[in-house]
file entry_10.txt (compact mmCIF, C-alpha atoms and all ligand atoms)
# COMPACT_ATOMS: atom_id res chain seq x y z
CA MET A 1 80.81 89.02 31.40
CA GLY A 2 82.40 89.82 34.75
CA GLY A 3 85.63 91.71 35.39
CA ALA A 4 88.61 90.81 33.24
CA LYS A 5 90.79 88.35 35.10
CA ARG A 6 94.33 89.55 35.43
CA ASN A 7 96.92 87.01 34.56
CA PRO A 8 99.74 87.39 37.10
CA SER A 9 102.32 86.59 34.43
CA THR A 10 101.29 89.69 32.42
CA VAL A 11 102.01 92.09 35.30
CA ALA A 12 105.19 93.99 34.54
CA PRO A 13 107.94 93.09 37.00
CA ARG A 14 108.60 95.91 39.47
CA PRO A 15 112.04 97.45 39.55
CA PRO A 16 114.15 96.10 42.41
CA ILE A 17 114.38 98.32 45.48
CA ARG A 18 117.54 100.36 45.39
CA PRO A 19 119.77 99.72 48.39
CA ILE A 20 120.48 102.79 50.50
CA GLY A 21 123.98 104.12 49.91
CA PRO A 22 126.20 105.63 52.57
CA ILE A 23 124.41 108.48 54.32
CA ARG A 24 126.16 111.81 54.15
CA PRO A 25 125.64 114.47 56.85
CA ILE A 26 123.70 116.72 54.44
CA GLY A 27 121.46 113.77 53.67
CA LEU A 28 120.86 113.33 57.37
CA ILE A 29 119.80 116.94 57.78
CA ILE A 30 117.43 116.77 54.81
CA GLY A 31 116.13 113.44 56.08
CA ALA A 32 115.50 114.94 59.48
CA ALA A 33 113.75 117.90 57.89
CA ALA A 34 111.46 115.53 56.04
CA THR A 35 110.61 113.51 59.11
CA ASP A 36 107.60 114.85 60.91
CA GLY A 37 108.92 114.57 64.48
CA LEU A 38 112.37 115.93 63.66
CA ARG A 39 111.17 118.73 61.44
CA ARG A 40 110.77 121.06 64.37
CA VAL A 41 114.24 120.25 65.69
CA SER A 42 115.89 121.13 62.38
CA ARG A 43 113.83 124.29 62.13
CA PHE A 44 115.05 125.24 65.60
CA LEU A 45 118.65 124.58 64.52
CA LEU A 46 118.14 126.74 61.41
CA VAL A 47 116.78 129.57 63.54
CA LEU A 48 119.75 129.23 65.88
CA LEU A 49 122.11 129.33 62.88
CA ALA A 50 120.38 132.43 61.55
CA LEU A 51 120.68 134.11 64.93
CA LEU A 52 124.32 133.23 65.52
CA PRO A 53 125.93 135.92 63.33
CA ALA A 54 123.74 138.57 65.00
CA CYS A 55 125.12 137.76 68.43
CA ASP A 56 128.36 139.13 69.75
CA ALA A 57 129.12 135.78 71.26
CA GLY A 58 127.46 132.49 72.17
CA ASP A 59 127.41 133.84 75.73
CA ASP A 60 124.17 135.74 75.11
CA ILE A 61 122.43 132.55 74.07
CA ASN A 62 123.88 130.73 77.04
CA ALA A 63 122.55 133.44 79.33
CA ALA A 64 119.12 133.21 77.71
CA LEU A 65 119.04 129.42 78.07
CA GLN A 66 120.28 129.71 81.62
CA ARG A 67 117.45 132.10 82.42
CA MET A 68 114.93 129.60 81.09
CA MET A 69 116.48 126.81 83.12
CA VAL A 70 116.56 128.66 86.43
CA GLN A 71 113.26 130.52 86.14
CA PRO A 72 111.01 130.32 89.23
CA ARG A 73 108.72 127.33 88.94
CA ALA A 74 106.66 125.03 91.13
CA VAL A 75 108.24 121.65 91.85
CA ASP A 76 106.46 118.41 92.77
CA TYR A 77 105.45 118.32 96.45
CA GLY A 78 106.84 121.85 96.83
CA ALA A 79 105.09 124.82 98.41
CA ASN A 80 103.34 127.56 96.51
CA ARG A 81 101.96 130.45 98.51
CA MET A 82 99.67 131.46 95.64
CA PHE A 83 97.18 128.79 96.76
CA ARG A 84 95.34 128.85 100.03
CA ASP A 85 96.58 125.38 101.05
CA HIS A 86 100.14 126.29 99.91
CA ARG A 87 100.42 123.09 97.86
CA ALA A 88 102.04 123.47 94.46
CA MET A 89 100.47 120.23 93.23
CA ARG A 90 96.79 120.90 92.67
CA PRO A 91 94.09 118.32 93.29
CA LEU A 92 92.37 117.34 90.06
CA PRO A 93 89.05 119.03 89.48
CA ARG A 94 86.05 116.80 89.97
CA GLY A 95 85.35 114.35 87.18
CA VAL A 96 88.79 114.51 85.53
CA GLU A 97 89.73 111.23 83.84
CA PRO A 98 93.26 110.28 82.71
CA LEU A 99 93.72 110.44 78.93
CA GLY A 100 93.23 107.10 77.25
CA ARG A 101 91.17 105.47 79.99
CA PRO A 102 87.75 104.53 78.70
CA LEU A 103 85.12 106.74 80.29
CA PRO A 104 83.16 104.89 82.99
CA ALA A 105 79.45 104.44 82.51
CA PRO A 106 77.59 107.50 83.78
CA ILE A 107 76.49 107.15 87.41
CA PRO A 108 72.75 107.56 87.96
CA PRO A 109 71.86 110.12 90.68
CA ASP A 110 69.63 107.66 92.55
CA PHE A 111 69.75 103.97 93.55
CA PRO A 112 69.32 101.64 90.55
CA SER A 113 66.62 99.91 92.63
CA PRO A 114 65.21 100.65 96.12
CA PRO A 115 67.60 99.15 98.72
CA THR A 116 66.41 96.00 100.49
CA LEU A 117 67.03 95.05 104.13
CA ALA A 118 69.61 92.48 102.99
CA GLU A 119 71.45 95.21 101.06
CA LEU A 120 71.39 97.50 104.11
CA GLN A 121 72.91 94.72 106.22
CA ARG A 122 75.55 94.04 103.58
CA GLY A 123 76.17 97.80 103.38
CA ARG A 124 76.69 98.03 107.13
CA ASP A 125 79.17 95.15 107.02
CA ARG A 126 81.14 96.74 104.16
CA PHE A 127 80.92 100.26 105.63
CA ASP A 128 82.30 99.10 108.99
CA ILE A 129 85.20 97.40 107.20
CA THR A 130 85.92 99.92 104.44
CA CYS A 131 84.82 103.39 105.50
CA ALA A 132 84.44 103.50 109.29
CA ALA A 133 88.17 103.59 110.01
CA CYS A 134 88.18 107.17 108.75
CA HIS A 135 84.57 108.38 108.82
CA GLY A 136 83.68 106.70 112.13
CA LEU A 137 81.29 103.81 112.82
CA LEU A 138 78.37 106.28 112.91
CA GLY A 139 79.64 108.15 109.85
CA ASP A 140 80.01 111.29 111.96
CA GLY A 141 83.68 111.79 111.16
CA HIS A 142 84.88 110.82 114.64
CA SER A 143 87.64 108.21 114.49
CA PRO A 144 91.25 107.93 115.64
CA VAL A 145 92.34 108.10 111.99
CA ALA A 146 90.32 111.26 111.45
CA ASP A 147 91.96 112.83 114.49
CA ALA A 148 95.36 112.08 112.96
CA MET A 149 94.47 113.44 109.49
CA ARG A 150 94.77 117.08 110.39
CA LEU A 151 95.64 118.32 106.90
CA ARG A 152 92.25 117.26 105.56
CA ARG A 153 89.91 115.55 108.01
CA PRO A 154 87.52 112.89 106.70
CA PRO A 155 84.24 114.81 106.93
CA SER A 156 81.05 113.71 108.65
CA LEU A 157 78.84 111.80 106.23
CA VAL A 158 75.70 112.39 108.28
CA SER A 159 75.76 116.19 108.54
CA GLY A 160 77.12 119.11 106.57
CA PRO A 161 77.27 119.07 102.78
CA VAL A 162 77.42 115.26 102.43
CA LYS A 163 73.98 114.96 104.05
CA ASP A 164 72.48 116.59 100.96
CA PHE A 165 74.46 114.47 98.47
CA PRO A 166 72.22 112.38 96.24
CA PRO A 167 73.03 108.63 96.53
CA GLY A 168 74.84 108.71 93.16
CA GLU A 169 77.29 111.33 94.45
CA ILE A 170 78.34 109.18 97.43
CA TYR A 171 78.62 106.23 95.03
CA ARG A 172 80.85 108.38 92.78
CA VAL A 173 83.16 109.31 95.69
CA ALA A 174 83.46 105.63 96.72
CA THR A 175 84.18 104.72 93.08
CA GLN A 176 86.56 107.48 92.03
CA GLY A 177 87.84 108.78 95.37
CA TYR A 178 87.93 112.46 96.20
CA GLY A 179 90.90 114.65 97.10
CA LEU A 180 92.90 112.81 99.75
CA MET A 181 90.42 109.94 99.85
CA PRO A 182 91.37 107.04 97.57
CA SER A 183 88.98 105.13 95.33
CA TYR A 184 87.41 101.97 96.79
CA ARG A 185 86.52 100.63 93.33
CA LEU A 186 88.79 97.59 93.75
CA GLN A 187 87.71 96.74 97.30
CA LEU A 188 83.96 97.07 96.67
CA SER A 189 81.98 95.65 93.76
CA PRO A 190 79.39 98.03 92.26
CA GLU A 191 76.62 96.19 94.20
CA ASP A 192 78.59 96.56 97.44
CA ARG A 193 79.16 100.26 96.74
CA TRP A 194 75.40 100.85 96.33
CA ALA A 195 74.85 98.83 99.53
CA VAL A 196 77.35 101.07 101.37
CA VAL A 197 75.56 104.15 100.02
CA ALA A 198 72.23 102.76 101.26
CA TYR A 199 73.74 102.27 104.71
CA VAL A 200 75.20 105.82 104.70
CA LYS A 201 71.70 107.12 103.84
CA ALA A 202 70.32 105.05 106.75
CA LEU A 203 72.98 106.55 109.07
CA GLN A 204 71.89 110.02 107.89
CA LEU A 205 68.23 109.23 108.53
CA ARG A 206 68.88 108.01 112.04
CA GLN A 207 70.37 111.41 112.95
CA ALA A 208 67.02 113.15 112.95
CA ILE A 209 63.72 111.56 112.10
CA PRO A 210 60.29 112.71 113.32
CA ILE A 211 58.89 110.11 115.69
CA VAL A 212 55.67 109.95 113.68
CA ALA A 213 57.65 108.80 110.62
CA LEU A 214 58.54 105.55 112.41
CA PRO A 215 56.47 102.38 112.09
CA ALA A 216 53.91 102.11 114.96
CA PRO A 217 55.74 99.48 117.09
CA MET A 218 58.97 101.50 116.86
CA GLN A 219 57.08 104.69 117.80
CA ALA A 220 55.92 103.05 121.04
CA GLU A 221 59.44 101.81 121.76
CA ALA A 222 60.97 105.22 121.04
CA ARG A 223 58.40 107.03 123.24
CA LYS A 224 59.26 104.66 126.09
CA GLU A 225 63.00 105.39 125.66
CA LEU A 226 62.44 109.16 125.49
CA LYS A 227 60.47 109.34 128.73
C1 LIG A 301 91.64 106.52 104.55
C2 LIG A 301 90.57 107.30 105.09
C3 LIG A 301 89.23 107.22 104.38
C4 LIG A 301 88.45 106.11 104.10
C5 LIG A 301 88.76 104.66 104.43
C6 LIG A 301 87.27 106.61 103.45
N1 LIG A 301 87.32 107.96 103.34
FE1 LIG A 301 85.87 109.15 102.59
N2 LIG A 301 87.07 110.79 102.87
C7 LIG A 301 88.31 110.76 103.46
C8 LIG A 301 88.89 112.10 103.43
C9 LIG A 301 90.26 112.49 103.98
C10 LIG A 301 87.95 112.92 102.79
C11 LIG A 301 88.13 114.39 102.45
C12 LIG A 301 89.01 114.44 101.22
C13 LIG A 301 89.45 115.81 100.81
O1 LIG A 301 88.74 116.78 101.10
O2 LIG A 301 90.52 115.89 100.17
C14 LIG A 301 86.81 112.07 102.47
C15 LIG A 301 85.65 112.51 101.86
C16 LIG A 301 84.52 111.72 101.65
C17 LIG A 301 83.27 112.22 101.14
C18 LIG A 301 82.95 113.68 100.78
C19 LIG A 301 83.43 113.97 99.37
C20 LIG A 301 83.06 115.35 98.89
O3 LIG A 301 82.74 115.47 97.69
O4 LIG A 301 83.11 116.30 99.69
C21 LIG A 301 82.41 111.14 101.05
C22 LIG A 301 80.98 111.17 100.56
C23 LIG A 301 83.15 109.98 101.52
N3 LIG A 301 84.42 110.39 101.88
C24 LIG A 301 82.62 108.71 101.57
C25 LIG A 301 83.37 107.58 101.89
C26 LIG A 301 82.87 106.22 101.79
C27 LIG A 301 81.47 105.83 101.34
C28 LIG A 301 83.90 105.41 102.17
C29 LIG A 301 83.91 103.90 102.17
C30 LIG A 301 83.71 103.27 100.90
C31 LIG A 301 85.03 106.26 102.53
N4 LIG A 301 84.67 107.56 102.34
C32 LIG A 301 86.24 105.80 103.00
C33 LIG A 301 88.94 109.67 104.00
C34 LIG A 301 88.49 108.38 103.90

call {"tool": "encode", "arguments": {"input": "entry_10.txt", "output": "structure tokens", "more": "lines below"}}
Ligand code: HEC
result
Amino acid sequence: MGGAKRNPSTVAPRPPIRPIGPIRPIGLIIGAAATDGLRRVSRFLLVLLALLPACDAGDDINAALQRMMVQPRAVDYGANRMFRDHRAMRPLPRGVEPLGRPLPAPIPPDFPSPPTLAELQRGRDRFDITCAACHGLLGDGHSPVADAMRLRRPPSLVSGPVKDFPPGEIYRVATQGYGLMPSYRLQLSPEDRWAVVAYVKALQLRQAIPIVALPAPMQAEARKELK
């Protein structure tokens, strides 16, 4: 038979909403106590009220508040000798993301596909424009900018720890930045970032490669040069 249809005219009229009368202070306090955000404030006031008679004078409370206000603390850009670099502001640990930003897609450790010659050439072009100013044209960390960045030098990308980074880790640094190095997410598309990583890997390879690993024509050429 289906559900009984309700005839709107049979619904009892609802009582009109009562207008709010003048608010008295006591009403305000109770209202505040009922409101979630203000509940803690009123509780704090109640505790203060309860404490007041126990104190000789308001001076004690003032002294306590004063102590909280002038306690030793680290200020932005200030020094703090507790840390080795004496910086009060700490660099974010690796992988930290601001609250509310959607998490980026996980970065694969290796190239999404083996780099092609065209990608290497594109990578060289982008590397020379985007990274070389600091890390040097050969990626060895020698550049006028690096010489000027004495606090934290841009490291060599072709030796030291970065040499053992999997491609995905270099991609992550170019995407998210690291320490003093900013992110190059906006300057480089994801394809360009992988191309830059491919070129960095090529720069690493050219540092030390057994002559027998070269293609035959290049072996002959290299032997001639080495004589
Ligand atoms: C403005 C200068 C500057 C530019 C441009 C720059 N870097 Fe860096 N890079 C740095 C500095 C400085 C550090 C060290 C940061 C630190 O230790 O706080 C660094 C560190 C790195 C590291 C090592 C990170 C680690 O985990 O130790 C990699 C890899 C790297 N850069 C790759 C790149 C690539 C790829 C580009 C180009 C897309 C690039 N950088 C562009 C300054 C730069």

call {"tool": "atom_distance", "arguments": {"input": "entry_10.txt", "atom1": "CA of Ala105 in chain A", "atom2": "CA of Tyr178 in chain A"}}
result
18.0 Å

call {"tool": "residues_around", "arguments": {"input": "entry_10.txt", "residues": "Met181 in chain A", "least_positions_apart": "3", "cutoff": "10 Å", "atoms": "only C-alpha atoms", "output": "MDAnalysis selection string"}}
result
chainID A and resid 134 152:154 173:174 176:178 184

call {"tool": "atom_distance", "arguments": {"input": "entry_10.txt", "atom1": "CA of Tyr77 in chain A", "atom2": "CA of Ala63 in chain A"}}
result
28.5 Å

call {"tool": "atom_distance", "arguments": {"input": "entry_10.txt", "atom1": "CA of Arg124 in chain A", "atom2": "CA of Ala195 in chain A"}}
result
7.9 Å

call {"tool": "closest_residue", "arguments": {"input": "entry_10.txt", "among": "A:Val197, A:Ala148, A:Ala64, A:Val96", "to": "ligand LIG 301 (chain A)", "atoms": "all atoms listed in the file"}}
result
A:Val197

call {"tool": "residues_near_ligand", "arguments": {"input": "entry_10.txt", "ligand": "ligand LIG 301 (chain A)", "cutoff": "8 Å", "atoms": "only C-alpha atoms and all ligand atoms", "output": "PDB file with C-alpha atoms, keeping the file's coordinate frame"}}
result
ATOM      1  CA  ARG A 126      81.140  96.740 104.160  1.00  0.00           C
ATOM      2  CA  PHE A 127      80.920 100.260 105.630  1.00  0.00           C
ATOM      3  CA  THR A 130      85.920  99.920 104.440  1.00  0.00           C
ATOM      4  CA  CYS A 131      84.820 103.390 105.500  1.00  0.00           C
ATOM      5  CA  ALA A 132      84.440 103.500 109.290  1.00  0.00           C
ATOM      6  CA  ALA A 133      88.170 103.590 110.010  1.00  0.00           C
ATOM      7  CA  CYS A 134      88.180 107.170 108.750  1.00  0.00           C
ATOM      8  CA  HIS A 135      84.570 108.380 108.820  1.00  0.00           C
ATOM      9  CA  VAL A 145      92.340 108.100 111.990  1.00  0.00           C
ATOM     10  CA  ALA A 146      90.320 111.260 111.450  1.00  0.00           C
ATOM     11  CA  MET A 149      94.470 113.440 109.490  1.00  0.00           C
ATOM     12  CA  ARG A 152      92.250 117.260 105.560  1.00  0.00           C
ATOM     13  CA  ARG A 153      89.910 115.550 108.010  1.00  0.00           C
ATOM     14  CA  PRO A 154      87.520 112.890 106.700  1.00  0.00           C
ATOM     15  CA  PRO A 155      84.240 114.810 106.930  1.00  0.00           C
ATOM     16  CA  SER A 156      81.050 113.710 108.650  1.00  0.00           C
ATOM     17  CA  LEU A 157      78.840 111.800 106.230  1.00  0.00           C
ATOM     18  CA  PRO A 161      77.270 119.070 102.780  1.00  0.00           C
ATOM     19  CA  VAL A 162      77.420 115.260 102.430  1.00  0.00           C
ATOM     20  CA  PHE A 165      74.460 114.470  98.470  1.00  0.00           C
ATOM     21  CA  GLU A 169      77.290 111.330  94.450  1.00  0.00           C
ATOM     22  CA  ILE A 170      78.340 109.180  97.430  1.00  0.00           C
ATOM     23  CA  TYR A 171      78.620 106.230  95.030  1.00  0.00           C
ATOM     24  CA  VAL A 173      83.160 109.310  95.690  1.00  0.00           C
ATOM     25  CA  ALA A 174      83.460 105.630  96.720  1.00  0.00           C
ATOM     26  CA  THR A 175      84.180 104.720  93.080  1.00  0.00           C
ATOM     27  CA  GLY A 177      87.840 108.780  95.370  1.00  0.00           C
ATOM     28  CA  TYR A 178      87.930 112.460  96.200  1.00  0.00           C
ATOM     29  CA  GLY A 179      90.900 114.650  97.100  1.00  0.00           C
ATOM     30  CA  LEU A 180      92.900 112.810  99.750  1.00  0.00           C
ATOM     31  CA  MET A 181      90.420 109.940  99.850  1.00  0.00           C
ATOM     32  CA  PRO A 182      91.370 107.040  97.570  1.00  0.00           C
ATOM     33  CA  SER A 183      88.980 105.130  95.330  1.00  0.00           C
ATOM     34  CA  TYR A 184      87.410 101.970  96.790  1.00  0.00           C
ATOM     35  CA  LEU A 188      83.960  97.070  96.670  1.00  0.00           C
ATOM     36  CA  ARG A 193      79.160 100.260  96.740  1.00  0.00           C
ATOM     37  CA  VAL A 196      77.350 101.070 101.370  1.00  0.00           C
ATOM     38  CA  VAL A 197      75.560 104.150 100.020  1.00  0.00           C
ATOM     39  CA  VAL A 200      75.200 105.820 104.700  1.00  0.00           C
TER      40      VAL A 200
END

call {"tool": "closest_residue", "arguments": {"input": "entry_10.txt", "among": "A:Val158, A:Ala220, A:Val212, A:Leu65", "to": "Gly141 in chain A", "atoms": "only C-alpha atoms"}}
result
A:Val158
